[in-house]
Amino acid sequence: MPLSTQSQVADDQYVFVASLDNVRNLSNILKAIHFRDHALFSATPNGLKVTVEDSKCLQANAFIQAEIFQEYAIQEDSLSFAVNLTVLLDCLTIFGGSTVPGVTTALRMCYNGYGHPLTLFLEEGGVQTVCKINTQETEEPIDFEFCSTDVTNKVILQSDSLREAFSELDMTSEILQITMSPDKPYFRLSTFGNSGSAHYDYPKDSDMMELFQCKRTQANRYKMSLLKPSTKALALSCKVSVRTDTRGFLSLQYLVRNDDGQICFVEYYCCPDEEVDEEE
């Protein structure tokens, strides 16, 4: 396995070690949540969770299961550290992200606990480099208290159809209104931009609709500026789950397949801008 003999010190020096034969399986998923520099990494024996937030209105989480890695070892029940995500992505793509068939960049990621840097060993075509990124103080992420028992409406769509909707809606609009209802229009996306109002409707029996569960009519508005970062995840995904709870908070869960066909998840939470009358 690449980098298996790279390290000059024993793995037991580190509290966390993770290796990948193809660094793109990590870098691509991190790009999907890269809208702020500060990223919180939380590691458990089950895998890695990376969180990025914007004030108290938006939170993105990338979940990379332990099985995605060729090697994954953690010496504690859980650990966390924060790094500059822009710097990390620059390091992960230091070889330029080769798209030549059969040529991949291998990664070995090591962390030795609080106060220590995150060390990256990267190798491509026999060329090796080592990057050390200073870790930062961690802060507890916001708890959006989005509980599955409070979900009022949920749909699962093919990502292609949502990408098509975003391409047709007026992105000059400052808000996106999402209407979900047991009756028509079932699932509607609306914008109110320079050229007027635009609506994009999905019938509940559409081929693009994999699941439709709506308990009551709900219309909520969300700032477009908060939703735009999630289009990075949408571009990578093959399915998306759209959920709203009793407060109108929005959950967007994206199912992403990596280069090796393995599944990862990216989730965005967004607070509503304002609630609108259901008759609108």
# chains A, B, ... in the order shown; residues from 1 in each chain; ligands from 1
>>> select_by_dssp(residues="region 84-267 of chain A", states="alpha helix (DSSP H)", output="NGL selection string")
:A and (85-92 or 159-168 or 224-227 or 231-236)
>>> write_last_selection(atoms="N, CA, C and O atoms", output="tab-separated table (two decimals), in the first residue's frame")
chain	number	residue	atom	x	y	z
A	85	LEU	N	-9.27	25.31	6.34
A	85	LEU	CA	-9.67	24.39	5.27
A	85	LEU	C	-9.05	24.77	3.93
A	85	LEU	O	-8.72	23.89	3.12
A	86	THR	N	-8.87	26.06	3.69
A	86	THR	CA	-8.24	26.50	2.44
A	86	THR	C	-6.81	25.98	2.36
A	86	THR	O	-6.38	25.47	1.32
A	87	VAL	N	-6.08	26.10	3.45
A	87	VAL	CA	-4.69	25.61	3.49
A	87	VAL	C	-4.66	24.09	3.30
A	87	VAL	O	-3.84	23.56	2.55
A	88	LEU	N	-5.58	23.39	3.99
A	88	LEU	CA	-5.62	21.93	3.87
A	88	LEU	C	-5.88	21.51	2.43
A	88	LEU	O	-5.20	20.61	1.90
A	89	LEU	N	-6.84	22.14	1.77
A	89	LEU	CA	-7.16	21.76	0.39
A	89	LEU	C	-6.00	22.09	-0.55
A	89	LEU	O	-5.74	21.34	-1.50
A	90	ASP	N	-5.31	23.19	-0.28
A	90	ASP	CA	-4.12	23.51	-1.09
A	90	ASP	C	-3.08	22.41	-0.97
A	90	ASP	O	-2.43	22.04	-1.95
A	91	CYS	N	-2.91	21.88	0.23
A	91	CYS	CA	-1.94	20.80	0.45
A	91	CYS	C	-2.40	19.50	-0.21
A	91	CYS	O	-1.60	18.80	-0.84
A	92	LEU	N	-3.68	19.18	-0.06
A	92	LEU	CA	-4.20	17.93	-0.62
A	92	LEU	C	-4.13	17.90	-2.15
A	92	LEU	O	-4.07	16.83	-2.75
A	159	SER	N	-30.48	14.09	-7.91
A	159	SER	CA	-29.78	15.37	-7.90
A	159	SER	C	-29.86	16.08	-9.25
A	159	SER	O	-29.87	17.32	-9.31
A	160	ASP	N	-29.92	15.31	-10.32
A	160	ASP	CA	-30.01	15.92	-11.66
A	160	ASP	C	-31.19	16.87	-11.76
A	160	ASP	O	-31.08	17.95	-12.35
A	161	SER	N	-32.32	16.47	-11.18
A	161	SER	CA	-33.52	17.30	-11.29
A	161	SER	C	-33.39	18.59	-10.49
A	161	SER	O	-33.90	19.64	-10.88
A	162	LEU	N	-32.68	18.52	-9.35
A	162	LEU	CA	-32.48	19.73	-8.55
A	162	LEU	C	-31.47	20.66	-9.22
A	162	LEU	O	-31.62	21.88	-9.18
A	163	ARG	N	-30.45	20.07	-9.83
A	163	ARG	CA	-29.50	20.89	-10.59
A	163	ARG	C	-30.21	21.61	-11.73
A	163	ARG	O	-29.94	22.79	-12.01
A	164	GLU	N	-31.13	20.92	-12.39
A	164	GLU	CA	-31.89	21.52	-13.48
A	164	GLU	C	-32.74	22.67	-12.96
A	164	GLU	O	-32.83	23.74	-13.58
A	165	ALA	N	-33.36	22.47	-11.79
A	165	ALA	CA	-34.20	23.51	-11.21
A	165	ALA	C	-33.37	24.76	-10.91
A	165	ALA	O	-33.78	25.89	-11.23
A	166	PHE	N	-32.21	24.57	-10.32
A	166	PHE	CA	-31.37	25.72	-9.97
A	166	PHE	C	-30.89	26.46	-11.22
A	166	PHE	O	-30.66	27.66	-11.18
A	167	SER	N	-30.73	25.73	-12.32
A	167	SER	CA	-30.29	26.38	-13.55
A	167	SER	C	-31.40	27.22	-14.17
A	167	SER	O	-31.12	28.16	-14.93
A	168	GLU	N	-32.65	26.91	-13.86
A	168	GLU	CA	-33.78	27.62	-14.44
A	168	GLU	C	-34.34	28.72	-13.54
A	168	GLU	O	-35.00	29.64	-14.02
A	224	MET	N	-30.79	33.13	-0.23
A	224	MET	CA	-30.07	32.47	-1.32
A	224	MET	C	-28.58	32.44	-1.04
A	224	MET	O	-27.88	31.48	-1.40
A	225	SER	N	-28.07	33.48	-0.38
A	225	SER	CA	-26.65	33.54	-0.08
A	225	SER	C	-26.22	32.40	0.85
A	225	SER	O	-25.06	31.96	0.80
A	226	LEU	N	-27.15	31.92	1.67
A	226	LEU	CA	-26.84	30.80	2.56
A	226	LEU	C	-26.93	29.47	1.83
A	226	LEU	O	-26.23	28.51	2.16
A	227	LEU	N	-27.81	29.39	0.83
A	227	LEU	CA	-28.00	28.13	0.12
A	227	LEU	C	-26.97	27.90	-0.98
A	227	LEU	O	-26.70	26.76	-1.34
A	231	THR	N	-24.65	24.22	-3.29
A	231	THR	CA	-24.63	23.77	-4.68
A	231	THR	C	-23.32	23.05	-5.01
A	231	THR	O	-23.26	22.28	-5.97
A	232	LYS	N	-22.27	23.28	-4.21
A	232	LYS	CA	-21.02	22.53	-4.39
A	232	LYS	C	-21.25	21.05	-4.12
A	232	LYS	O	-20.74	20.19	-4.84
A	233	ALA	N	-22.01	20.78	-3.06
A	233	ALA	CA	-22.34	19.39	-2.74
A	233	ALA	C	-23.32	18.82	-3.75
A	233	ALA	O	-23.22	17.65	-4.15
A	234	LEU	N	-24.26	19.65	-4.19
A	234	LEU	CA	-25.24	19.21	-5.19
A	234	LEU	C	-24.56	18.75	-6.47
A	234	LEU	O	-24.94	17.75	-7.08
A	235	ALA	N	-23.51	19.47	-6.87
A	235	ALA	CA	-22.80	19.14	-8.11
A	235	ALA	C	-22.14	17.76	-8.04
A	235	ALA	O	-22.00	17.09	-9.06
A	236	LEU	N	-21.76	17.33	-6.83
A	236	LEU	CA	-21.07	16.04	-6.66
A	236	LEU	C	-22.03	14.89	-6.42
A	236	LEU	O	-21.67	13.72	-6.58
>>> atom_distance(atom1="CA of Leu189 (chain A)", atom2="CA of Cys271 (chain A)")
16.5 Å
>>> closest_atom_pairs(of="region 49-157 of chain A", to="region 247-251 of chain A", cutoff="12 Å", atoms="only C-alpha atoms", output="CSV")
residue,atom,partner,partner_atom,distance
A:Cys57,CA,A:Phe249,CA,9.8
A:Leu58,CA,A:Leu250,CA,9.7
A:Gln59,CA,A:Ser251,CA,9.7
A:Ala60,CA,A:Ser251,CA,9.8
A:Asn61,CA,A:Ser251,CA,11.0
A:Phe144,CA,A:Phe249,CA,8.3
A:Glu145,CA,A:Phe249,CA,9.5
A:Phe146,CA,A:Phe249,CA,7.5
A:Cys147,CA,A:Ser251,CA,10.3
A:Ser148,CA,A:Ser251,CA,10.4
A:Asp150,CA,A:Arg247,CA,8.7
A:Val151,CA,A:Arg247,CA,9.2
A:Thr152,CA,A:Gly248,CA,9.0
A:Asn153,CA,A:Gly248,CA,9.8
A:Lys154,CA,A:Ser251,CA,9.3
A:Val155,CA,A:Ser251,CA,10.8
A:Ile156,CA,A:Ser251,CA,11.6
>>> write_last_selection(atoms="all heavy atoms", output="short mmCIF file (atom, residue, chain, number, x, y, z; two decimals), in the first residue's frame")
data_model
loop_
_atom_site.label_atom_id
_atom_site.label_comp_id
_atom_site.auth_asym_id
_atom_site.auth_seq_id
_atom_site.Cartn_x
_atom_site.Cartn_y
_atom_site.Cartn_z
N CYS A 57 -26.39 30.70 11.17
CA CYS A 57 -27.49 30.49 10.23
C CYS A 57 -27.29 29.27 9.34
O CYS A 57 -28.26 28.73 8.80
CB CYS A 57 -27.65 31.72 9.33
SG CYS A 57 -27.99 33.24 10.22
N LEU A 58 -26.05 28.84 9.17
CA LEU A 58 -25.75 27.76 8.22
C LEU A 58 -24.67 26.86 8.78
O LEU A 58 -23.68 27.34 9.35
CB LEU A 58 -25.29 28.36 6.88
CG LEU A 58 -24.94 27.36 5.77
CD1 LEU A 58 -26.20 26.65 5.26
CD2 LEU A 58 -24.25 28.08 4.61
N GLN A 59 -24.87 25.57 8.61
CA GLN A 59 -23.86 24.59 9.03
C GLN A 59 -23.78 23.49 7.98
O GLN A 59 -24.80 23.01 7.50
CB GLN A 59 -24.23 23.98 10.38
CG GLN A 59 -23.20 22.98 10.91
CD GLN A 59 -23.66 22.31 12.20
OE1 GLN A 59 -24.26 21.25 12.18
NE2 GLN A 59 -23.39 22.96 13.32
N ALA A 60 -22.55 23.13 7.63
CA ALA A 60 -22.34 22.04 6.69
C ALA A 60 -21.49 20.97 7.37
O ALA A 60 -20.52 21.28 8.08
CB ALA A 60 -21.64 22.53 5.43
N ASN A 61 -21.87 19.71 7.17
CA ASN A 61 -21.13 18.58 7.73
C ASN A 61 -20.82 17.58 6.62
O ASN A 61 -21.71 17.22 5.84
CB ASN A 61 -21.95 17.88 8.81
CG ASN A 61 -22.24 18.76 10.00
OD1 ASN A 61 -21.35 19.09 10.77
ND2 ASN A 61 -23.49 19.17 10.16
N PHE A 144 -28.25 22.67 15.90
CA PHE A 144 -29.47 23.17 15.28
C PHE A 144 -30.71 22.45 15.79
O PHE A 144 -31.83 22.80 15.40
CB PHE A 144 -29.37 23.04 13.74
CG PHE A 144 -28.65 24.18 13.09
CD1 PHE A 144 -27.27 24.28 13.15
CD2 PHE A 144 -29.35 25.16 12.40
CE1 PHE A 144 -26.60 25.33 12.55
CE2 PHE A 144 -28.69 26.21 11.79
CZ PHE A 144 -27.32 26.30 11.87
N GLU A 145 -30.50 21.45 16.65
CA GLU A 145 -31.60 20.70 17.27
C GLU A 145 -32.58 20.20 16.22
O GLU A 145 -33.81 20.24 16.41
CB GLU A 145 -32.32 21.59 18.30
CG GLU A 145 -31.42 22.02 19.45
CD GLU A 145 -32.13 22.91 20.45
OE1 GLU A 145 -33.22 23.44 20.11
OE2 GLU A 145 -31.60 23.11 21.55
N PHE A 146 -32.00 19.74 15.09
CA PHE A 146 -32.84 19.20 14.03
C PHE A 146 -33.04 17.72 14.30
O PHE A 146 -32.15 16.90 14.12
CB PHE A 146 -32.17 19.41 12.66
CG PHE A 146 -33.10 19.22 11.50
CD1 PHE A 146 -33.71 20.32 10.90
CD2 PHE A 146 -33.38 17.96 11.00
CE1 PHE A 146 -34.59 20.16 9.83
CE2 PHE A 146 -34.26 17.79 9.94
CZ PHE A 146 -34.86 18.90 9.35
N CYS A 147 -34.23 17.40 14.79
CA CYS A 147 -34.52 16.04 15.24
C CYS A 147 -35.48 15.37 14.26
O CYS A 147 -36.46 15.98 13.80
CB CYS A 147 -35.14 16.09 16.64
SG CYS A 147 -35.55 14.48 17.31
N SER A 148 -35.22 14.12 13.94
CA SER A 148 -36.04 13.40 12.96
C SER A 148 -37.50 13.30 13.40
O SER A 148 -38.41 13.25 12.56
CB SER A 148 -35.48 12.00 12.70
OG SER A 148 -35.41 11.26 13.90
N ASP A 150 -39.19 15.60 14.71
CA ASP A 150 -39.85 16.88 14.47
C ASP A 150 -39.96 17.20 12.98
O ASP A 150 -40.45 18.27 12.61
CB ASP A 150 -39.07 18.02 15.16
CG ASP A 150 -39.13 17.91 16.67
OD1 ASP A 150 -40.14 17.40 17.18
OD2 ASP A 150 -38.16 18.33 17.34
N VAL A 151 -39.50 16.28 12.12
CA VAL A 151 -39.58 16.52 10.68
C VAL A 151 -41.03 16.44 10.23
O VAL A 151 -41.74 15.46 10.50
CB VAL A 151 -38.72 15.49 9.90
CG1 VAL A 151 -39.01 15.58 8.40
CG2 VAL A 151 -37.24 15.73 10.17
N THR A 152 -41.50 17.49 9.56
CA THR A 152 -42.87 17.51 9.07
C THR A 152 -42.95 17.05 7.62
O THR A 152 -43.90 16.38 7.23
CB THR A 152 -43.48 18.91 9.19
OG1 THR A 152 -42.61 19.85 8.56
CG2 THR A 152 -43.65 19.30 10.65
N ASN A 153 -41.95 17.43 6.82
CA ASN A 153 -41.98 17.11 5.40
C ASN A 153 -40.61 16.64 4.92
O ASN A 153 -39.58 17.15 5.35
CB ASN A 153 -42.41 18.34 4.58
CG ASN A 153 -43.81 18.81 4.93
OD1 ASN A 153 -44.71 17.99 5.12
ND2 ASN A 153 -44.00 20.12 5.03
N LYS A 154 -40.63 15.66 4.01
CA LYS A 154 -39.39 15.11 3.49
C LYS A 154 -39.60 14.61 2.07
O LYS A 154 -40.58 13.92 1.78
CB LYS A 154 -38.92 13.95 4.39
CG LYS A 154 -37.68 13.22 3.87
CD LYS A 154 -37.30 12.06 4.79
CE LYS A 154 -36.08 11.31 4.28
NZ LYS A 154 -35.69 10.20 5.19
N VAL A 155 -38.66 14.97 1.21
CA VAL A 155 -38.65 14.41 -0.14
C VAL A 155 -37.21 13.99 -0.47
O VAL A 155 -36.25 14.58 0.04
CB VAL A 155 -39.16 15.40 -1.22
CG1 VAL A 155 -40.59 15.81 -0.94
CG2 VAL A 155 -38.26 16.62 -1.33
N ILE A 156 -37.08 12.95 -1.28
CA ILE A 156 -35.78 12.53 -1.80
C ILE A 156 -35.84 12.62 -3.31
O ILE A 156 -36.74 12.05 -3.95
CB ILE A 156 -35.41 11.11 -1.35
CG1 ILE A 156 -35.29 11.03 0.17
CG2 ILE A 156 -34.10 10.66 -2.00
CD1 ILE A 156 -34.98 9.64 0.71
#
>>> select_by_dssp(residues="region 3-141 of chain A", states="strand (DSSP E)", output="PyMOL selection string")
chain A and resi 16-20+38-44+47-54+58-65+71-74+79-84+106-111+118-124+127-133
>>> write_last_selection(atoms="C-alpha atoms", output="PDB file, in the first residue's frame")
ATOM      1  CA  PHE A  16      -4.976   9.510  14.835  1.00  0.00           C
ATOM      2  CA  VAL A  17      -3.811   8.069  11.510  1.00  0.00           C
ATOM      3  CA  ALA A  18      -5.781   7.799   8.269  1.00  0.00           C
ATOM      4  CA  SER A  19      -4.513   6.747   4.837  1.00  0.00           C
ATOM      5  CA  LEU A  20      -5.995   6.891   1.356  1.00  0.00           C
ATOM      6  CA  HIS A  38     -12.347  27.455   9.736  1.00  0.00           C
ATOM      7  CA  ALA A  39     -13.206  23.732   9.758  1.00  0.00           C
ATOM      8  CA  LEU A  40     -13.737  21.476  12.766  1.00  0.00           C
ATOM      9  CA  PHE A  41     -12.581  17.866  12.401  1.00  0.00           C
ATOM     10  CA  SER A  42     -14.179  15.323  14.757  1.00  0.00           C
ATOM     11  CA  ALA A  43     -12.855  11.773  14.650  1.00  0.00           C
ATOM     12  CA  THR A  44     -14.372   8.650  16.220  1.00  0.00           C
ATOM     13  CA  GLY A  47     -15.117   7.827  10.881  1.00  0.00           C
ATOM     14  CA  LEU A  48     -14.468  11.497  10.334  1.00  0.00           C
ATOM     15  CA  LYS A  49     -16.918  14.395  10.521  1.00  0.00           C
ATOM     16  CA  VAL A  50     -15.895  17.815   9.206  1.00  0.00           C
ATOM     17  CA  THR A  51     -18.000  20.858  10.125  1.00  0.00           C
ATOM     18  CA  VAL A  52     -18.026  24.362   8.627  1.00  0.00           C
ATOM     19  CA  GLU A  53     -20.358  27.118   9.823  1.00  0.00           C
ATOM     20  CA  ASP A  54     -21.494  30.578   8.783  1.00  0.00           C
ATOM     21  CA  LEU A  58     -25.752  27.764   8.221  1.00  0.00           C
ATOM     22  CA  GLN A  59     -23.859  24.592   9.029  1.00  0.00           C
ATOM     23  CA  ALA A  60     -22.336  22.036   6.693  1.00  0.00           C
ATOM     24  CA  ASN A  61     -21.130  18.581   7.726  1.00  0.00           C
ATOM     25  CA  ALA A  62     -19.174  16.082   5.656  1.00  0.00           C
ATOM     26  CA  PHE A  63     -19.197  12.482   6.868  1.00  0.00           C
ATOM     27  CA  ILE A  64     -16.380  10.171   5.745  1.00  0.00           C
ATOM     28  CA  GLN A  65     -16.829   6.671   7.137  1.00  0.00           C
ATOM     29  CA  GLU A  71      -6.019   2.628   7.039  1.00  0.00           C
ATOM     30  CA  TYR A  72      -7.881   4.261   9.902  1.00  0.00           C
ATOM     31  CA  ALA A  73      -6.650   4.185  13.499  1.00  0.00           C
ATOM     32  CA  ILE A  74      -7.717   6.284  16.470  1.00  0.00           C
ATOM     33  CA  LEU A  79     -10.914  13.660  19.309  1.00  0.00           C
ATOM     34  CA  SER A  80     -11.281  16.978  17.566  1.00  0.00           C
ATOM     35  CA  PHE A  81      -9.117  19.663  16.054  1.00  0.00           C
ATOM     36  CA  ALA A  82      -9.637  22.668  13.822  1.00  0.00           C
ATOM     37  CA  VAL A  83      -7.632  23.661  10.768  1.00  0.00           C
ATOM     38  CA  ASN A  84      -7.743  26.224   7.988  1.00  0.00           C
ATOM     39  CA  ALA A 106      -1.729   8.788  -1.948  1.00  0.00           C
ATOM     40  CA  LEU A 107      -2.289  10.406   1.443  1.00  0.00           C
ATOM     41  CA  ARG A 108      -1.293   9.564   4.979  1.00  0.00           C
ATOM     42  CA  MET A 109      -2.791  11.933   7.562  1.00  0.00           C
ATOM     43  CA  CYS A 110      -1.447  11.936  11.122  1.00  0.00           C
ATOM     44  CA  TYR A 111      -2.288  13.882  14.274  1.00  0.00           C
ATOM     45  CA  LEU A 118      -1.872  17.941  11.353  1.00  0.00           C
ATOM     46  CA  THR A 119       0.817  16.164   9.314  1.00  0.00           C
ATOM     47  CA  LEU A 120       0.159  15.099   5.733  1.00  0.00           C
ATOM     48  CA  PHE A 121       2.405  12.676   3.845  1.00  0.00           C
ATOM     49  CA  LEU A 122       1.573  12.804   0.123  1.00  0.00           C
ATOM     50  CA  GLU A 123       3.018  10.707  -2.679  1.00  0.00           C
ATOM     51  CA  GLU A 124       2.459  10.594  -6.419  1.00  0.00           C
ATOM     52  CA  VAL A 127       7.531  11.916  -5.525  1.00  0.00           C
ATOM     53  CA  GLN A 128       6.844  12.530  -1.855  1.00  0.00           C
ATOM     54  CA  THR A 129       6.088  15.656   0.121  1.00  0.00           C
ATOM     55  CA  VAL A 130       5.258  16.390   3.756  1.00  0.00           C
ATOM     56  CA  CYS A 131       2.936  19.194   4.880  1.00  0.00           C
ATOM     57  CA  LYS A 132       2.387  20.289   8.464  1.00  0.00           C
ATOM     58  CA  ILE A 133      -0.670  22.413   9.154  1.00  0.00           C
TER      59      ILE A 133
END
>>> residues_around(residues="Cys264 (chain A)", least_positions_apart="3", cutoff="10 Å", atoms="only C-alpha atoms", output="ChimeraX atom specification")
/A:25-26,29,62-65,68,237,254-258,261
>>> closest_residue(among="A:Asp260, A:Asp207, A:Glu174, A:Glu137", to="Phe192 (chain A)", atoms="only C-alpha atoms")
A:Glu174
>>> decode(residues="region 125-143 of chain A", atoms="N, CA, C and O atoms", output="short mmCIF file (atom, residue, chain, number, x, y, z; two decimals), in the first residue's frame")
data_model
loop_
_atom_site.label_atom_id
_atom_site.label_comp_id
_atom_site.auth_asym_id
_atom_site.auth_seq_id
_atom_site.Cartn_x
_atom_site.Cartn_y
_atom_site.Cartn_z
N GLY A 125 3.56 9.14 -7.99
CA GLY A 125 4.59 8.76 -8.96
C GLY A 125 5.99 8.72 -8.37
O GLY A 125 6.96 9.06 -9.05
N GLY A 126 6.10 8.31 -7.11
CA GLY A 126 7.40 8.23 -6.47
C GLY A 126 7.89 9.53 -5.86
O GLY A 126 8.91 9.56 -5.17
N VAL A 127 7.18 10.63 -6.11
CA VAL A 127 7.53 11.92 -5.52
C VAL A 127 6.75 12.09 -4.23
O VAL A 127 5.54 11.94 -4.20
N GLN A 128 7.47 12.42 -3.16
CA GLN A 128 6.84 12.53 -1.85
C GLN A 128 6.99 13.94 -1.31
O GLN A 128 7.98 14.62 -1.58
N THR A 129 6.00 14.36 -0.56
CA THR A 129 6.09 15.66 0.12
C THR A 129 5.40 15.55 1.47
O THR A 129 4.51 14.71 1.66
N VAL A 130 5.83 16.37 2.41
CA VAL A 130 5.26 16.39 3.76
C VAL A 130 4.75 17.80 4.05
O VAL A 130 5.48 18.78 3.84
N CYS A 131 3.52 17.91 4.50
CA CYS A 131 2.94 19.19 4.88
C CYS A 131 2.53 19.12 6.35
O CYS A 131 1.95 18.13 6.79
N LYS A 132 2.83 20.19 7.07
CA LYS A 132 2.39 20.29 8.46
C LYS A 132 1.52 21.53 8.60
O LYS A 132 1.97 22.63 8.28
N ILE A 133 0.29 21.33 9.05
CA ILE A 133 -0.67 22.41 9.15
C ILE A 133 -0.97 22.66 10.63
O ILE A 133 -1.36 21.73 11.36
N ASN A 134 -0.79 23.89 11.07
CA ASN A 134 -1.08 24.21 12.46
C ASN A 134 -2.56 23.99 12.76
O ASN A 134 -3.43 24.40 11.99
N THR A 135 -2.82 23.34 13.88
CA THR A 135 -4.21 23.18 14.31
C THR A 135 -4.61 24.36 15.18
O THR A 135 -3.76 25.04 15.77
N GLN A 136 -5.91 24.59 15.25
CA GLN A 136 -6.45 25.74 15.96
C GLN A 136 -7.32 25.28 17.11
O GLN A 136 -7.69 24.11 17.20
N GLU A 137 -7.64 26.23 17.97
CA GLU A 137 -8.55 25.93 19.08
C GLU A 137 -9.92 25.53 18.52
O GLU A 137 -10.41 26.10 17.55
N THR A 138 -10.52 24.54 19.13
CA THR A 138 -11.83 24.09 18.68
C THR A 138 -12.94 24.78 19.46
O THR A 138 -12.78 25.13 20.63
N GLU A 139 -14.05 24.99 18.80
CA GLU A 139 -15.25 25.51 19.43
C GLU A 139 -16.38 24.54 19.18
O GLU A 139 -16.46 23.92 18.12
N GLU A 140 -17.25 24.40 20.14
CA GLU A 140 -18.38 23.49 20.00
C GLU A 140 -19.26 23.97 18.86
O GLU A 140 -19.67 25.14 18.82
N PRO A 141 -19.57 23.10 17.89
CA PRO A 141 -20.44 23.53 16.79
C PRO A 141 -21.85 23.81 17.27
O PRO A 141 -22.28 23.33 18.31
N ILE A 142 -22.55 24.61 16.50
CA ILE A 142 -23.94 24.96 16.84
C ILE A 142 -24.81 23.70 16.76
O ILE A 142 -24.68 22.90 15.85
N ASP A 143 -25.67 23.56 17.74
CA ASP A 143 -26.65 22.47 17.70
C ASP A 143 -27.94 23.03 17.13
O ASP A 143 -28.65 23.80 17.80
#
